[in-house]
file work-v4.pdb (PDB, C-alpha atoms, pLDDT in the B column)
ATOM      1  CA  MET S   7     -12.117   5.248  -6.961  1.00 97.00           C
ATOM      2  CA  ALA S   8      -8.479   4.154  -7.235  1.00 97.00           C
ATOM      3  CA  THR S   9      -7.169   0.600  -7.140  1.00 98.00           C
ATOM      4  CA  VAL S  10      -3.648  -0.768  -6.879  1.00 98.00           C
ATOM      5  CA  ILE S  11      -2.329  -4.315  -6.932  1.00 97.00           C
ATOM      6  CA  VAL S  12       0.469  -5.243  -4.555  1.00 97.00           C
ATOM      7  CA  ASP S  13       2.234  -8.284  -5.997  1.00 96.00           C
ATOM      8  CA  MET S  14       4.451  -9.849  -3.337  1.00 96.00           C
ATOM      9  CA  ALA S  15       6.441 -12.291  -5.465  1.00 93.00           C
ATOM     10  CA  PHE S  16       8.682 -13.294  -2.566  1.00 92.00           C
ATOM     11  CA  CYS S  17       5.782 -14.870  -0.653  1.00 95.00           C
ATOM     12  CA  ASP S  18       3.570 -15.423  -3.724  1.00 96.00           C
ATOM     13  CA  LYS S  19       0.708 -13.280  -2.354  1.00 97.00           C
ATOM     14  CA  LYS S  20      -1.356 -10.530  -3.989  1.00 97.00           C
ATOM     15  CA  HIS S  21      -3.344  -7.686  -2.476  1.00 98.00           C
ATOM     16  CA  LYS S  22      -5.908  -5.613  -4.392  1.00 98.00           C
ATOM     17  CA  ILE S  23      -6.398  -2.345  -2.529  1.00 98.00           C
ATOM     18  CA  THR S  24      -9.122   0.134  -3.388  1.00 98.00           C
ATOM     19  CA  ALA S  25      -9.574   3.630  -1.994  1.00 98.00           C
ATOM     20  CA  LYS S  26     -12.660   5.761  -2.476  1.00 98.00           C
ATOM     21  CA  ILE S  27     -13.120   9.253  -1.102  1.00 98.00           C
ATOM     22  CA  ARG S  28     -16.213   9.847   1.003  1.00 97.00           C
ATOM     23  CA  GLU S  29     -18.299  13.003   1.240  1.00 97.00           C
ATOM     24  CA  ASP S  30     -16.762  13.736   4.660  1.00 96.00           C
ATOM     25  CA  GLY S  31     -13.236  13.668   3.138  1.00 95.00           C
ATOM     26  CA  ASP S  32     -12.194  10.370   4.700  1.00 97.00           C
ATOM     27  CA  LEU S  33     -11.410   7.367   2.521  1.00 98.00           C
ATOM     28  CA  ASP S  34     -13.086   3.984   2.342  1.00 98.00           C
ATOM     29  CA  ILE S  35     -10.433   1.281   1.999  1.00 98.00           C
ATOM     30  CA  HIS S  36     -11.049  -2.237   0.764  1.00 98.00           C
ATOM     31  CA  ILE S  37      -8.305  -4.873   0.731  1.00 98.00           C
ATOM     32  CA  ALA S  38      -8.882  -8.128  -1.145  1.00 98.00           C
ATOM     33  CA  THR S  39      -6.042 -10.587  -0.595  1.00 98.00           C
ATOM     34  CA  ASP S  40      -5.037 -14.233  -0.597  1.00 97.00           C
ATOM     35  CA  CYS S  41      -2.907 -13.652   2.528  1.00 97.00           C
ATOM     36  CA  ASP S  42      -4.331 -14.425   5.970  1.00 97.00           C
ATOM     37  CA  LEU S  43      -1.912 -11.966   7.603  1.00 97.00           C
ATOM     38  CA  ILE S  44      -3.025  -9.081   5.410  1.00 98.00           C
ATOM     39  CA  ARG S  45      -6.666 -10.002   6.049  1.00 98.00           C
ATOM     40  CA  ARG S  46      -5.866  -9.517   9.744  1.00 97.00           C
ATOM     41  CA  TYR S  47      -4.123  -6.216   8.914  1.00 98.00           C
ATOM     42  CA  ALA S  48      -7.220  -5.106   6.987  1.00 98.00           C
ATOM     43  CA  ASP S  49      -9.478  -6.059   9.900  1.00 98.00           C
ATOM     44  CA  ARG S  50      -7.295  -4.063  12.310  1.00 97.00           C
ATOM     45  CA  LEU S  51      -7.067  -1.074   9.957  1.00 98.00           C
ATOM     46  CA  GLY S  52     -10.815  -0.988   9.430  1.00 97.00           C
ATOM     47  CA  LYS S  53     -12.741   0.167   6.413  1.00 97.00           C
ATOM     48  CA  THR S  54     -12.054   3.905   6.749  1.00 97.00           C
ATOM     49  CA  VAL S  55      -8.909   6.010   7.042  1.00 98.00           C
ATOM     50  CA  SER S  56      -8.477   9.761   7.305  1.00 98.00           C
ATOM     51  CA  VAL S  57      -6.435  11.972   5.005  1.00 97.00           C
ATOM     52  CA  LYS S  58      -4.038  12.462   7.917  1.00 97.00           C
ATOM     53  CA  ASP S  59      -3.588   8.649   8.113  1.00 98.00           C
ATOM     54  CA  VAL S  60      -2.264   8.655   4.536  1.00 98.00           C
ATOM     55  CA  THR S  61      -0.285  11.909   4.574  1.00 96.00           C
ATOM     56  CA  ASP S  62       1.417  12.008   7.969  1.00 95.00           C
ATOM     57  CA  TRP S  63       3.679   9.186   9.198  1.00 91.00           C
ATOM     58  CA  ARG S  64       3.331  10.351  12.771  1.00 93.00           C
ATOM     59  CA  GLY S  65       0.089   8.920  14.110  1.00 92.00           C
ATOM     60  CA  SER S  66      -0.818   7.170  10.862  1.00 96.00           C
ATOM     61  CA  ARG S  67      -3.077   4.185  11.430  1.00 97.00           C
ATOM     62  CA  VAL S  68      -1.847   2.704   8.133  1.00 97.00           C
ATOM     63  CA  TYR S  69       1.652   2.289   9.595  1.00 96.00           C
ATOM     64  CA  ASP S  70       0.671   1.931  13.264  1.00 96.00           C
ATOM     65  CA  PRO S  71       2.835  -0.863  14.745  1.00 95.00           C
ATOM     66  CA  GLU S  72      -0.180  -2.264  16.613  1.00 95.00           C
ATOM     67  CA  ILE S  73      -2.039  -2.601  13.308  1.00 96.00           C
ATOM     68  CA  CYS S  74       0.913  -3.622  11.089  1.00 93.00           C
ATOM     69  CA  SER S  75       2.451  -6.094  13.520  1.00 93.00           C
ATOM     70  CA  VAL S  76       0.482  -9.006  12.058  1.00 94.00           C
ATOM     71  CA  SER S  77       2.422  -8.747   8.793  1.00 92.00           C
ATOM     72  CA  SER S  78       6.075  -8.844   7.844  1.00 92.00           C
ATOM     73  CA  ALA S  79       8.045  -5.604   7.938  1.00 92.00           C
ATOM     74  CA  THR S  80       8.863  -6.200   4.259  1.00 94.00           C
ATOM     75  CA  CYS S  81       5.230  -6.449   3.149  1.00 96.00           C
ATOM     76  CA  LEU S  82       4.206  -3.678   0.771  1.00 97.00           C
ATOM     77  CA  ALA S  83       0.477  -3.812   1.611  1.00 97.00           C
ATOM     78  CA  PRO S  84       0.578  -0.685   3.829  1.00 97.00           C
ATOM     79  CA  SER S  85       2.413   1.154   1.055  1.00 97.00           C
ATOM     80  CA  GLY S  86      -0.301  -0.039  -1.311  1.00 98.00           C
ATOM     81  CA  VAL S  87      -2.938   1.563   0.933  1.00 98.00           C
ATOM     82  CA  ILE S  88      -1.008   4.841   0.793  1.00 98.00           C
ATOM     83  CA  ASN S  89      -0.596   4.688  -2.985  1.00 98.00           C
ATOM     84  CA  ALA S  90      -4.275   3.888  -3.611  1.00 98.00           C
ATOM     85  CA  ALA S  91      -5.292   6.735  -1.293  1.00 98.00           C
ATOM     86  CA  TRP S  92      -2.907   9.211  -2.907  1.00 98.00           C
ATOM     87  CA  LEU S  93      -4.219   8.302  -6.368  1.00 98.00           C
ATOM     88  CA  GLU S  94      -7.790   8.773  -5.166  1.00 98.00           C
ATOM     89  CA  LEU S  95      -6.944  12.114  -3.552  1.00 98.00           C
ATOM     90  CA  GLY S  96      -5.188  13.368  -6.691  1.00 97.00           C
ATOM     91  CA  MET S  97      -1.835  13.524  -4.918  1.00 97.00           C
ATOM     92  CA  LEU S  98      -0.423  11.106  -7.495  1.00 96.00           C
ATOM     93  CA  SER S  99      -1.255  11.500 -11.164  1.00 96.00           C
ATOM     94  CA  LYS S 100      -3.541   8.753 -12.501  1.00 94.00           C
ATOM     95  CA  THR S 101      -2.182   9.467 -15.993  1.00 96.00           C
ATOM     96  CA  LYS S 102       1.418   9.001 -14.834  1.00 96.00           C
ATOM     97  CA  ALA S 103       0.397   5.853 -12.920  1.00 96.00           C
ATOM     98  CA  ARG S 104      -1.078   4.387 -16.119  1.00 94.00           C
ATOM     99  CA  GLN S 105       2.122   5.272 -18.002  1.00 96.00           C
ATOM    100  CA  ILE S 106       4.588   3.742 -15.542  1.00 95.00           C
ATOM    101  CA  HIS S 107       2.294   0.871 -14.527  1.00 93.00           C
ATOM    102  CA  ALA S 108       4.321  -0.085 -11.435  1.00 93.00           C
ATOM    103  CA  ASN S 109       6.869   0.893  -8.847  1.00 92.00           C
ATOM    104  CA  CYS S 110       8.940  -2.010  -7.645  1.00 88.00           C
ATOM    105  CA  VAL S 111      11.600  -3.223  -5.261  1.00 87.00           C
ATOM    106  CA  ARG S 112      14.223  -5.211  -7.153  1.00 83.00           C
ATOM    107  CA  PHE S 113      16.648  -7.529  -5.468  1.00 82.00           C
ATOM    108  CA  THR S 114      20.182  -7.298  -6.778  1.00 79.00           C
ATOM    109  CA  TYR S 115      23.618  -8.573  -5.908  1.00 75.00           C
ATOM    110  CA  GLU S 116      27.149  -7.260  -6.080  1.00 74.00           C
ATOM    111  CA  GLY S 117      28.480  -7.692  -9.576  1.00 69.00           C
ATOM    112  CA  SER S 118      25.038  -7.271 -11.105  1.00 68.00           C
ATOM    113  CA  ASP S 119      24.523  -4.700 -13.845  1.00 69.00           C
ATOM    114  CA  ASP S 120      21.576  -3.424 -11.771  1.00 66.00           C
ATOM    115  CA  LEU S 121      23.749  -2.432  -8.813  1.00 60.00           C
ATOM    116  CA  ILE S 122      23.692   1.328  -8.286  1.00 59.00           C
ATOM    117  CA  ASP S 123      26.695   2.817  -6.536  1.00 54.00           C
ATOM    118  CA  GLY S 124      25.887   5.907  -4.586  1.00 49.00           C
TER     119      GLY S 124
END
call {"tool": "encode", "arguments": {"input": "work-v4.pdb", "output": "structure tokens"}}
result
Amino acid sequence: MATVIVDMAFCDKKHKITAKIREDGDLDIHIATDCDLIRRYADRLGKTVSVKDVTDWRGSRVYDPEICSVSSATCLAPSGVINAAWLELGMLSKTKARQIHANCVRFTYEGSDDLIDG
């Protein structure tokens, strides 16, 4: 079983997403959240996703506009589902995940030391 926490500081909401592989190869997904919109997303997504849903953008139920449309386009909950699933499937290293602790989106502004010119 793999669990990730999606901490949406901008809207002050948190989502705890757990993925567990089943004997048939699909994944059970559980989303605990304090956000009504993500509860609706979780209801639409359902309790089970396939490996294809978490590895292929095309046709993925995780990112299906009909399922995701209840949340903001900036919400990281769907990405959290993918990350939990990938950890559970061994496609991301659990050891590396423990070492880095988090991936994040940082907001920056021109003139900031954090600004990366590309």
call {"tool": "resolve_selection", "arguments": {"input": "work-v4.pdb", "expression": "the PyMOL selection byres ((chain S and resi 93-106) around 12)", "output": "ChimeraX atom specification"}}
result
/S:7-10,23-28,31-35,56-58,60-61,86-92,107-110
call {"tool": "write_last_selection", "arguments": {"input": "work-v4.pdb", "atoms": "C-alpha atoms", "output": "PDB file, keeping the file's coordinate frame"}}
result
ATOM      1  CA  MET S   7     -12.117   5.248  -6.961  1.00 97.00           C
ATOM      2  CA  ALA S   8      -8.479   4.154  -7.235  1.00 97.00           C
ATOM      3  CA  THR S   9      -7.169   0.600  -7.140  1.00 98.00           C
ATOM      4  CA  VAL S  10      -3.648  -0.768  -6.879  1.00 98.00           C
ATOM      5  CA  ILE S  23      -6.398  -2.345  -2.529  1.00 98.00           C
ATOM      6  CA  THR S  24      -9.122   0.134  -3.388  1.00 98.00           C
ATOM      7  CA  ALA S  25      -9.574   3.630  -1.994  1.00 98.00           C
ATOM      8  CA  LYS S  26     -12.660   5.761  -2.476  1.00 98.00           C
ATOM      9  CA  ILE S  27     -13.120   9.253  -1.102  1.00 98.00           C
ATOM     10  CA  ARG S  28     -16.213   9.847   1.003  1.00 97.00           C
ATOM     11  CA  GLY S  31     -13.236  13.668   3.138  1.00 95.00           C
ATOM     12  CA  ASP S  32     -12.194  10.370   4.700  1.00 97.00           C
ATOM     13  CA  LEU S  33     -11.410   7.367   2.521  1.00 98.00           C
ATOM     14  CA  ASP S  34     -13.086   3.984   2.342  1.00 98.00           C
ATOM     15  CA  ILE S  35     -10.433   1.281   1.999  1.00 98.00           C
ATOM     16  CA  SER S  56      -8.477   9.761   7.305  1.00 98.00           C
ATOM     17  CA  VAL S  57      -6.435  11.972   5.005  1.00 97.00           C
ATOM     18  CA  LYS S  58      -4.038  12.462   7.917  1.00 97.00           C
ATOM     19  CA  VAL S  60      -2.264   8.655   4.536  1.00 98.00           C
ATOM     20  CA  THR S  61      -0.285  11.909   4.574  1.00 96.00           C
ATOM     21  CA  GLY S  86      -0.301  -0.039  -1.311  1.00 98.00           C
ATOM     22  CA  VAL S  87      -2.938   1.563   0.933  1.00 98.00           C
ATOM     23  CA  ILE S  88      -1.008   4.841   0.793  1.00 98.00           C
ATOM     24  CA  ASN S  89      -0.596   4.688  -2.985  1.00 98.00           C
ATOM     25  CA  ALA S  90      -4.275   3.888  -3.611  1.00 98.00           C
ATOM     26  CA  ALA S  91      -5.292   6.735  -1.293  1.00 98.00           C
ATOM     27  CA  TRP S  92      -2.907   9.211  -2.907  1.00 98.00           C
ATOM     28  CA  HIS S 107       2.294   0.871 -14.527  1.00 93.00           C
ATOM     29  CA  ALA S 108       4.321  -0.085 -11.435  1.00 93.00           C
ATOM     30  CA  ASN S 109       6.869   0.893  -8.847  1.00 92.00           C
ATOM     31  CA  CYS S 110       8.940  -2.010  -7.645  1.00 88.00           C
TER      32      CYS S 110
END
call {"tool": "residues_around", "arguments": {"input": "work-v4.pdb", "residues": "Lys22 of chain S", "least_positions_apart": "4", "cutoff": "7 Å", "atoms": "only C-alpha atoms", "output": "list in words"}}
result
Thr9, Val10, Ile11, Val12, Ile37, Ala38 and Thr39 of chain S
call {"tool": "closest_residue", "arguments": {"input": "work-v4.pdb", "among": "S:His36, S:Lys19, S:Arg46, S:Arg112", "to": "Ser75 of chain S", "atoms": "only C-alpha atoms"}}
result
S:Arg46
call {"tool": "atom_distance", "arguments": {"input": "work-v4.pdb", "atom1": "atom CA of Ile73 of chain S", "atom2": "atom CA of Arg50 of chain S"}}
result
5.5 Å
call {"tool": "axis_aligned_box", "arguments": {"input": "work-v4.pdb", "around": "segment 57-72 of chain S", "padding_each_side": "8 Å", "output": "AutoDock Vina command-line options"}}
result
--center_x -1.4 --center_y 5.1 --center_z 10.6 --size_x 26.1 --size_y 30.7 --size_z 28.1
call {"tool": "atom_distance", "arguments": {"input": "work-v4.pdb", "atom1": "atom CA of Asp40 of chain S", "atom2": "atom CA of Gly65 of chain S"}}
result
27.9 Å
call {"tool": "resolve_selection", "arguments": {"input": "work-v4.pdb", "expression": "the PyMOL selection byres ((chain S and resi 16) around 12)", "output": "NGL selection string"}}
result
:S and (12-15 or 17-20 or 78 or 80-82 or 111-113)
call {"tool": "atom_distance", "arguments": {"input": "work-v4.pdb", "atom1": "atom CA of Ile44 of chain S", "atom2": "atom CA of His21 of chain S"}}
result
8.0 Å
call {"tool": "closest_residue", "arguments": {"input": "work-v4.pdb", "among": "S:Glu116, S:Ala48, S:Asp62, S:Leu43", "to": "Val76 of chain S", "atoms": "only C-alpha atoms"}}
result
S:Leu43
call {"tool": "closest_residue", "arguments": {"input": "work-v4.pdb", "among": "S:Ser85, S:Thr114, S:Ser77, S:Thr54", "to": "Cys41 of chain S", "atoms": "all atoms listed in the file"}}
result
S:Ser77
